[in-house]
Amino acid sequence: MALPSLPEQKVAEKLSLLNDRGAQLLHRLYNLKKNAQERLGVVLQEKSFDSSIKYINKKFPNVETRGNAGLNVVHAQRSEILKFLQVPYDLFKDFMEFKDKAMDLFNQISTSQIRFDIALNFDLCHGYLELVTLYCQILLIIPRIEERKSILGLYHCCHEYQHGTAEASYPRIAQVVHELEHPHRKIIEDLQIFGKQVGEAILTLRPIYTRRMLPTDQMKSGNLLSLTYVPQHMLNPTQCETMPCEYLSLDVYARWIIFGFLACPQQVSNNQDCLALVKIPLQENYVIPLCRDEMLQIHPAFETVFRLMKMEKAERWLHETSKVAVHNGPRSHAERRNYLRHALSDLVNILGDQPGLLGPKALVLLMALSLARDEIAWMVRHSEATAPKMSKAKVSPEEFQDRSLPELLFHMHELRALAKKYQQVIRRYFVQYMNGFDHALLSEVIQKITNVGDDESIIMTSFLQQLASLDTKAAEVGQYSVDFTVLRLDWMRLQAYMSAARSQSHLHENRQLAFNMNTVIFHSRMVDQLQDILDDVSDMSFLYHYPKLLEYAFSVCSGTNQARYVIAVPLTCAMFLEGNCRHCPEERGAYGERSVKAVNHYLELISKDISGLFGQMCDDYVRLSVALLPVGATGLVKDQSRRAADKSKKHGHVEFVMPGKESERKARENFTRMDTNFALINDLCFTLNHFPTIVVWGHTFVPREFLLGPVEEQFVRILSTLLKYQPEAMDIARPTEVLTGVIGFMTYLRSVENFVNIDMTRVFNVVLLQQTQPLDAHGNPTLCSQYTAWYLESLLRRVSTSNVCYSPSRKSFVSHHTLQFKAEVYSDPQELKALCELLGPYGIRYLGDKCMHQVMGQVLELKKLVTANKDTLHNIRTNYDKPEVCNEMIKRLKGTDEVIQRMIIVGIIINFRKLLMESMHAVLKKRIPFMIGSILDFKEHFPAEQDSMVVDEMATSAGIECAFDPILCQCLRGLCENPQTDYVTWCLLMVFVAVGLPNLAFRDQSVFKPTLEGHENNAHCIVAAVNYLAATFFTLTGTSSVSERMNEFLSLATSSLLKLGQLETEKELPKNRESVYILLGILVQDSPFLTMDLLESCFPYALLRNSYNQAYKKNPTKPGSKPSVTGY
């Protein structure tokens, strides 16, 4: 029977399709092995099926179904079982189809006597050896599927029960699966007849594989991958006759050799060249991947094959190679990784600086990536593998731990990024190269070829036409896209035609054609398959199955010089999806989710590490900033005093360290903690900023953006640390200390912008704006709520209950010198301005609102007291010109002291709020002077006939004092239910306060302190309470002018106080009559509704002047002396 013509055989097409189908089948079988229990758990894990499955496994492949009571359970659920097992059973049918097609193709190739040579017909030889390898891998992985017999046997039984006959393909599938109990024997039986052809194809790998498997010393001496070794050749394109072979993975060569000789072991014993070739991968590896993380122990596998073939002599050198692989492998590969790390670093620096070299030096780039990937793959698969028993050696896991692995990964990703970034440069270069040099050289070579068939001639002519038609001008502007798939497939067809024995012209006789076309194919792939070729040489998706290695790589970056390369870990995780088989869409979701979670996880860890270092740096910066505060000078004063006192003594003491001393260095090697942290932050920020985005499964990660969240959290933590708030002890840090720390931390974060491209202003706005609110975004207390609680619950409470006085002259609260607590430390203008800087207008408004709510609580109690004494107060008001009646009515009043005390508390709170507003105004005037000017102008020119409440509220928020406090009006509005009734109540309250003022004269602490311009018991705060409450009460009721009511109050107050002079002849004399008289002067000075003329009409000015004189005599001050800043 005549053989079909070479074109009709379609060897090239069949090799391409079968390799694609074999890879798909291998991945599906791998998934079945890994997920069989999960997929078939409903059927195989029910206890009722145990006996049936045991019977099937025992009788497999000849399972009898008729009259077998043990299979009744299977018979009852046959439909459900068929449904579950249909997909895995079809997988075994696909395997049989693939096996038959592969064997047919092997026979066809053998019959055609095709001559394989990797250097000549690269694509054809690659496809042939890949098909042999896939065939072996599939036959080796099937016996590892533990449920294979259960799946086939159960399906057979259920099919026979359901349809009455056995499934047609079952007997043959079952027989083959049964024979695969000894897979090596089956492989040898199937492929040994093609052993000579397989051996010859593998032998063509020897010169290339041997040359590429150089020891590290020879790689160094030969300057492998160096672009600067011969500077004058740097611009020359890197060319060789076997370009596709140069960047092909060494793992692929090793797989071809090992599986090829496992299928054809007789070639090893018959040919010394084959023996020498197989020893190379056996001395380098002791495991090799079947599929993904499924490994084959190659030395035991060869031992099994040699025993089957009775090759006792071969077992001797096999033991020697296993010892070499175990003893020398880890060390030699570690040296190779070290060399590659430096070589890749040099490539990154040169190509990054001169991207135009990516075109002529593309082959060097691919070789570097391929070698680096091979070394990482070798380390990964051997780190989790056990050494072969025949080597009689144990391997320590530490031998496979490479602390510089992140750097190698990082440089790989950098080279990939450079190739992607300048892909237009690469494409333009190779389009021009193909259209010019390649076309001219190929045309010259083809013209020299004679005795060529018609089919071959047509293909060669198409090569020249396609190269000549390339548009170089369009390529120059980056608007040219071309697909060379047809060119590559035609070349593979031509290889098949010219490699067959009955071809008119043989490829080995036209070697120059093969070399040139292989070069053209490489150039074509660099044009339209750049991403694919990069994935081929640098795909790290296999690390999906080795998460521990990535965890180790990440851990070694912590606090070491590898920190700048830590971004390589999430970048590697982003490549997981590339390991998904395109024919197995069901696993794409798992790969994608795992990849996204891993990238997100590692980016968060990196950001948290940076944030933690920021916290340490902040502590140092705050410490240095606090050292520069004026209070830090006390240490220097104490040190000098101690030196003067201890001048005659010999014992030493700790010297005061001046700020800035920490910057002095005696040697560069003397690193402080700040220096170390600064270097680490620099490296980590560099790595976050180096790759702008990471794209994974439709998600785009921006690494530097991950830093914002942890920095915000760290900022909040720093604020909490600086605040030092202790609610139980009612202790808190001074606002100036907190502000100094915040400014120090912000200054440092500003400097971080030099290392990573993030907007720190955004962090400041988010965090500090939240601190002006009672709770932050997470519901935690803020500076605003904590300072508000402390000032209201601690400071103001102490002012009203202990020896703390409000001093109008100092504009702060001052503690008595006997008190340990110093109120002035927290309430002087400098501290309140710092508080306003921290809390901002929102926070100060919140604090002011809380103050006004406390005022409302006091006013509510005052209203109750007025209501209880309403009739008595009404009689006093109507009979104030009748002294006898008034005196009698005053004696009937209940709670006079309580009213006075509550008015003092109200005045204290109002004065504190006035201090806050003044500080807020000073801060805003400095920060936003133009806006403050606009608010003032708006307030002054607002029409008087319109309601000014909204304008006053705006002005109050800016710290501008108004005649009527809008916040106080809002708070007290709820207490004004009936204007007429409330008007009377507020009038009576003013009467109550006026007639109660004389009681202050009998208190020991009502002494007026000229240095403070206030009374020790804060009686002078009543003035603020009266002025503010009167303005608010009578504005809300709207029934009378405020001036009239204040005139009435002044009349009653002066009348009541003048009666104190009539008590001089009685036994109990008022102790502080003059101090209380001074209240009237303060009232008139501070009130916008009263004048000194009005006061003099009802109270002698001489008496007021004499009161001031007596007060200053009781508390004399030395001329030129300054008031104490720490008490009174």
# chains A, B, ... in the order shown; residues from 1 in each chain; ligands from 1
>>> select_by_dssp(residues="range 275-389 of chain A", states="alpha helix (DSSP H)", output="count of residues only")
85
>>> residues_around(residues="Ala729 in chain A", least_positions_apart="4", cutoff="12 Å", atoms="only C-alpha atoms", output="list in words")
Lys724, Tyr725, Trp790, Glu793, Ser794 and Phe821 of chain A
>>> residues_around(residues="Gly589 in chain A", least_positions_apart="6", cutoff="10 Å", atoms="only C-alpha atoms", output="list in words")
Leu577, Asn580, Ser595 and Trp697 of chain A
>>> residues_around(residues="Gln354 in chain A", least_positions_apart="6", cutoff="12 Å", atoms="only C-alpha atoms", output="ChimeraX atom specification")
/A:227,234-235,347-348,360-361,418,422,425
>>> write_last_selection(atoms="all heavy atoms", output="mmCIF file, in the first residue's frame")
data_model
loop_
_atom_site.group_PDB
_atom_site.id
_atom_site.type_symbol
_atom_site.label_atom_id
_atom_site.label_comp_id
_atom_site.auth_asym_id
_atom_site.auth_seq_id
_atom_site.Cartn_x
_atom_site.Cartn_y
_atom_site.Cartn_z
ATOM 1 N N LEU A 227 26.701 42.095 29.337
ATOM 2 C CA LEU A 227 26.625 42.957 28.158
ATOM 3 C C LEU A 227 27.853 43.834 28.015
ATOM 4 O O LEU A 227 28.102 44.400 26.947
ATOM 5 C CB LEU A 227 25.375 43.847 28.235
ATOM 6 C CG LEU A 227 24.016 43.144 28.293
ATOM 7 C CD1 LEU A 227 22.901 44.173 28.300
ATOM 8 C CD2 LEU A 227 23.848 42.182 27.131
ATOM 9 N N MET A 234 28.643 45.834 22.281
ATOM 10 C CA MET A 234 27.406 45.997 23.039
ATOM 11 C C MET A 234 26.214 46.283 22.132
ATOM 12 O O MET A 234 25.087 45.835 22.404
ATOM 13 C CB MET A 234 27.576 47.132 24.057
ATOM 14 C CG MET A 234 26.374 47.310 24.967
ATOM 15 S SD MET A 234 26.588 48.621 26.172
ATOM 16 C CE MET A 234 27.860 47.902 27.211
ATOM 17 N N LEU A 235 26.424 46.995 21.043
ATOM 18 C CA LEU A 235 25.311 47.339 20.157
ATOM 19 C C LEU A 235 25.026 46.265 19.118
ATOM 20 O O LEU A 235 24.018 46.339 18.414
ATOM 21 C CB LEU A 235 25.602 48.659 19.447
ATOM 22 C CG LEU A 235 25.739 49.893 20.346
ATOM 23 C CD1 LEU A 235 26.046 51.124 19.506
ATOM 24 C CD2 LEU A 235 24.479 50.109 21.158
ATOM 25 N N LEU A 347 21.967 43.480 34.333
ATOM 26 C CA LEU A 347 21.095 43.633 33.162
ATOM 27 C C LEU A 347 20.021 44.686 33.405
ATOM 28 O O LEU A 347 19.712 45.497 32.521
ATOM 29 C CB LEU A 347 20.437 42.290 32.827
ATOM 30 C CG LEU A 347 21.269 41.271 32.052
ATOM 31 C CD1 LEU A 347 20.488 39.976 31.895
ATOM 32 C CD2 LEU A 347 21.650 41.818 30.687
ATOM 33 N N VAL A 348 19.441 44.669 34.594
ATOM 34 C CA VAL A 348 18.403 45.653 34.915
ATOM 35 C C VAL A 348 18.967 47.068 34.841
ATOM 36 O O VAL A 348 18.343 47.977 34.274
ATOM 37 C CB VAL A 348 17.823 45.372 36.317
ATOM 38 C CG1 VAL A 348 16.941 46.529 36.775
ATOM 39 C CG2 VAL A 348 17.022 44.082 36.311
ATOM 40 N N PRO A 360 18.455 44.450 20.337
ATOM 41 C CA PRO A 360 19.589 43.579 19.981
ATOM 42 C C PRO A 360 19.951 42.571 21.062
ATOM 43 O O PRO A 360 20.528 41.531 20.764
ATOM 44 C CB PRO A 360 20.724 44.567 19.733
ATOM 45 C CG PRO A 360 20.320 45.832 20.396
ATOM 46 C CD PRO A 360 18.832 45.871 20.340
ATOM 47 N N LYS A 361 19.636 42.864 22.327
ATOM 48 C CA LYS A 361 20.005 41.966 23.418
ATOM 49 C C LYS A 361 18.797 41.227 23.990
ATOM 50 O O LYS A 361 18.823 40.772 25.134
ATOM 51 C CB LYS A 361 20.696 42.767 24.535
ATOM 52 C CG LYS A 361 21.958 43.493 24.090
ATOM 53 C CD LYS A 361 23.004 42.531 23.536
ATOM 54 C CE LYS A 361 24.244 43.271 23.062
ATOM 55 N NZ LYS A 361 25.239 42.352 22.475
ATOM 56 N N LEU A 418 10.474 45.837 32.288
ATOM 57 C CA LEU A 418 11.168 46.602 31.248
ATOM 58 C C LEU A 418 10.740 46.151 29.853
ATOM 59 O O LEU A 418 10.505 46.975 28.954
ATOM 60 C CB LEU A 418 12.683 46.428 31.406
ATOM 61 C CG LEU A 418 13.366 47.251 32.500
ATOM 62 C CD1 LEU A 418 14.828 46.858 32.626
ATOM 63 C CD2 LEU A 418 13.246 48.743 32.206
ATOM 64 N N TYR A 422 8.756 48.691 27.262
ATOM 65 C CA TYR A 422 9.339 49.094 25.984
ATOM 66 C C TYR A 422 9.049 48.070 24.890
ATOM 67 O O TYR A 422 9.880 47.836 24.009
ATOM 68 C CB TYR A 422 10.851 49.261 26.149
ATOM 69 C CG TYR A 422 11.231 50.353 27.129
ATOM 70 C CD1 TYR A 422 11.700 50.043 28.395
ATOM 71 C CD2 TYR A 422 11.093 51.690 26.792
ATOM 72 C CE1 TYR A 422 12.047 51.041 29.301
ATOM 73 C CE2 TYR A 422 11.430 52.697 27.685
ATOM 74 C CZ TYR A 422 11.907 52.365 28.938
ATOM 75 O OH TYR A 422 12.235 53.354 29.829
ATOM 76 N N VAL A 425 9.381 49.380 21.413
ATOM 77 C CA VAL A 425 10.779 49.478 20.963
ATOM 78 C C VAL A 425 11.236 48.137 20.407
ATOM 79 O O VAL A 425 11.866 48.050 19.343
ATOM 80 C CB VAL A 425 11.676 49.930 22.130
ATOM 81 C CG1 VAL A 425 13.149 49.911 21.718
ATOM 82 C CG2 VAL A 425 11.271 51.321 22.601
#
>>> closest_residue(among="A:Asn1027, A:Gln1005, A:Asn19, A:Gln531", to="Ser1043 in chain A", atoms="only C-alpha atoms")
A:Asn1027
>>> residues_around(residues="range 1100-1105 of chain A", least_positions_apart="5", cutoff="12 Å", atoms="only C-alpha atoms", output="mmCIF file with N, CA and C atoms, in the first residue's frame")
data_model
loop_
_atom_site.group_PDB
_atom_site.id
_atom_site.type_symbol
_atom_site.label_atom_id
_atom_site.label_comp_id
_atom_site.auth_asym_id
_atom_site.auth_seq_id
_atom_site.Cartn_x
_atom_site.Cartn_y
_atom_site.Cartn_z
ATOM 1 N N THR A 1054 -26.782 97.015 94.561
ATOM 2 C CA THR A 1054 -26.166 98.092 95.348
ATOM 3 C C THR A 1054 -26.912 98.315 96.655
ATOM 4 N N SER A 1055 -28.227 98.225 96.597
ATOM 5 C CA SER A 1055 -29.012 98.382 97.812
ATOM 6 C C SER A 1055 -28.672 97.302 98.819
ATOM 7 N N LEU A 1057 -25.874 95.527 99.020
ATOM 8 C CA LEU A 1057 -24.497 95.604 99.483
ATOM 9 C C LEU A 1057 -24.278 96.786 100.410
ATOM 10 N N LEU A 1058 -25.013 97.896 100.195
ATOM 11 C CA LEU A 1058 -24.854 99.044 101.076
ATOM 12 C C LEU A 1058 -25.346 98.747 102.486
ATOM 13 N N GLY A 1061 -22.848 97.924 105.427
ATOM 14 C CA GLY A 1061 -22.244 98.929 106.289
ATOM 15 C C GLY A 1061 -22.987 99.100 107.602
ATOM 16 N N ARG A 1073 -16.063 92.598 103.029
ATOM 17 C CA ARG A 1073 -17.039 93.532 102.466
ATOM 18 C C ARG A 1073 -16.455 94.282 101.279
ATOM 19 N N GLU A 1074 -15.196 94.742 101.393
ATOM 20 C CA GLU A 1074 -14.591 95.507 100.314
ATOM 21 C C GLU A 1074 -14.406 94.652 99.055
ATOM 22 N N SER A 1075 -14.053 93.397 99.255
ATOM 23 C CA SER A 1075 -13.872 92.508 98.096
ATOM 24 C C SER A 1075 -15.170 92.312 97.343
ATOM 25 N N VAL A 1076 -16.291 92.284 98.094
ATOM 26 C CA VAL A 1076 -17.586 92.108 97.435
ATOM 27 C C VAL A 1076 -18.003 93.403 96.741
ATOM 28 N N TYR A 1077 -17.667 94.564 97.355
ATOM 29 C CA TYR A 1077 -17.973 95.825 96.691
ATOM 30 C C TYR A 1077 -17.308 95.898 95.308
ATOM 31 N N ILE A 1078 -16.106 95.331 95.234
ATOM 32 C CA ILE A 1078 -15.372 95.379 93.965
ATOM 33 C C ILE A 1078 -16.131 94.671 92.851
ATOM 34 N N LEU A 1079 -16.987 93.714 93.239
ATOM 35 C CA LEU A 1079 -17.784 93.008 92.226
ATOM 36 C C LEU A 1079 -18.614 93.978 91.398
ATOM 37 N N LEU A 1080 -19.130 95.038 92.052
ATOM 38 C CA LEU A 1080 -19.958 95.994 91.326
ATOM 39 C C LEU A 1080 -19.134 96.699 90.242
ATOM 40 N N GLY A 1081 -17.910 97.070 90.613
ATOM 41 C CA GLY A 1081 -17.059 97.718 89.613
ATOM 42 C C GLY A 1081 -16.760 96.783 88.445
ATOM 43 N N ILE A 1082 -16.481 95.514 88.745
ATOM 44 C CA ILE A 1082 -16.205 94.549 87.679
ATOM 45 C C ILE A 1082 -17.441 94.341 86.811
ATOM 46 N N VAL A 1084 -19.888 96.452 86.153
ATOM 47 C CA VAL A 1084 -20.130 97.582 85.257
ATOM 48 C C VAL A 1084 -19.071 97.619 84.150
ATOM 49 N N MET A 1092 -20.613 103.551 84.233
ATOM 50 C CA MET A 1092 -20.119 104.012 85.531
ATOM 51 C C MET A 1092 -20.986 105.144 86.082
ATOM 52 N N ASP A 1093 -21.566 105.951 85.222
ATOM 53 C CA ASP A 1093 -22.458 107.015 85.684
ATOM 54 C C ASP A 1093 -23.658 106.423 86.401
ATOM 55 N N LEU A 1094 -24.178 105.339 85.816
ATOM 56 C CA LEU A 1094 -25.322 104.692 86.453
ATOM 57 C C LEU A 1094 -24.922 104.097 87.796
ATOM 58 N N LEU A 1095 -23.726 103.537 87.881
ATOM 59 C CA LEU A 1095 -23.278 102.960 89.154
ATOM 60 C C LEU A 1095 -23.105 104.054 90.209
ATOM 61 N N GLN A 1110 -8.202 99.104 99.979
ATOM 62 C CA GLN A 1110 -8.094 98.125 101.068
ATOM 63 C C GLN A 1110 -7.652 96.761 100.538
ATOM 64 N N ALA A 1111 -8.142 96.386 99.378
ATOM 65 C CA ALA A 1111 -7.772 95.080 98.818
ATOM 66 C C ALA A 1111 -6.292 95.018 98.481
ATOM 67 N N TYR A 1112 -5.747 96.108 97.963
ATOM 68 C CA TYR A 1112 -4.329 96.118 97.605
ATOM 69 C C TYR A 1112 -3.448 96.189 98.849
#
>>> residues_around(residues="Lys811 in chain A", least_positions_apart="6", cutoff="10 Å", atoms="only C-alpha atoms", output="ChimeraX atom specification")
/A:824,827-829,911-912,914-915,918,1012
>>> write_last_selection(atoms="N, CA, C and O atoms", output="CSV table (one decimal), in the first residue's frame")
chain,number,residue,atom,x,y,z
A,824,GLU,N,-2.9,76.2,85.8
A,824,GLU,CA,-2.4,77.1,84.8
A,824,GLU,C,-1.6,76.4,83.7
A,824,GLU,O,-1.4,76.9,82.6
A,827,SER,N,-4.3,75.7,81.1
A,827,SER,CA,-5.3,76.7,80.7
A,827,SER,C,-4.7,78.0,80.3
A,827,SER,O,-5.5,79.0,80.1
A,828,ASP,N,-3.4,78.2,80.3
A,828,ASP,CA,-2.9,79.4,79.9
A,828,ASP,C,-3.1,79.6,78.4
A,828,ASP,O,-3.4,78.7,77.7
A,829,PRO,N,-2.9,80.8,77.9
A,829,PRO,CA,-3.2,81.1,76.5
A,829,PRO,C,-2.5,80.2,75.5
A,829,PRO,O,-3.0,79.8,74.5
A,911,ASN,N,-16.5,81.8,81.4
A,911,ASN,CA,-15.2,82.4,81.2
A,911,ASN,C,-14.2,81.4,80.6
A,911,ASN,O,-13.4,81.9,79.7
A,912,PHE,N,-14.4,80.1,80.9
A,912,PHE,CA,-13.5,79.2,80.2
A,912,PHE,C,-13.8,79.1,78.7
A,912,PHE,O,-12.9,79.1,77.8
A,914,LYS,N,-15.0,81.7,77.0
A,914,LYS,CA,-14.5,82.9,76.4
A,914,LYS,C,-13.0,82.7,76.1
A,914,LYS,O,-12.5,83.2,75.1
A,915,LEU,N,-12.2,82.1,77.0
A,915,LEU,CA,-10.8,81.8,76.8
A,915,LEU,C,-10.6,81.0,75.5
A,915,LEU,O,-9.7,81.3,74.7
A,918,GLU,N,-11.3,83.2,72.5
A,918,GLU,CA,-10.1,84.1,72.2
A,918,GLU,C,-9.0,83.4,71.6
A,918,GLU,O,-8.3,83.9,70.6
A,1012,LEU,N,-4.3,88.5,90.7
A,1012,LEU,CA,-5.1,87.7,89.8
A,1012,LEU,C,-6.3,88.5,89.2
A,1012,LEU,O,-6.9,88.0,88.2
>>> atom_distance(atom1="CA of Cys274 in chain A", atom2="CA of Ser391 in chain A")
22.5 Å
>>> residues_around(residues="Ile173 in chain A", least_positions_apart="2", cutoff="10 Å", atoms="only C-alpha atoms", output="PyMOL selection string")
chain A and resi 61+89+92-93+95-96+152+168-171+175-179
>>> closest_residue(among="A:Pro735, A:Pro966, A:Gly744, A:Gly329", to="Asp620 in chain A", atoms="only C-alpha atoms")
A:Gly744
>>> closest_residue(among="A:Pro703, A:Asp532, A:Gln786, A:Val452", to="Met730 in chain A", atoms="only C-alpha atoms")
A:Gln786
>>> closest_residue(among="A:Phe122, A:Asn35, A:His319, A:Ile188", to="Glu146 in chain A", atoms="only C-alpha atoms")
A:Asn35
>>> select_by_dssp(residues="range 285-393 of chain A", states="strand (DSSP E)", output="PyMOL selection string")
chain A and resi 287-291+294-297
>>> closest_residue(among="A:Gly840, A:Pro710, A:Pro781, A:Gly741", to="Leu769 in chain A", atoms="only C-alpha atoms")
A:Gly840
>>> closest_residue(among="A:Gln771, A:Asn1115, A:Gln562, A:Ser1051", to="Thr1011 in chain A", atoms="only C-alpha atoms")
A:Asn1115
>>> atom_distance(atom1="CA of Asp346 in chain A", atom2="CA of Ala368 in chain A")
11.0 Å
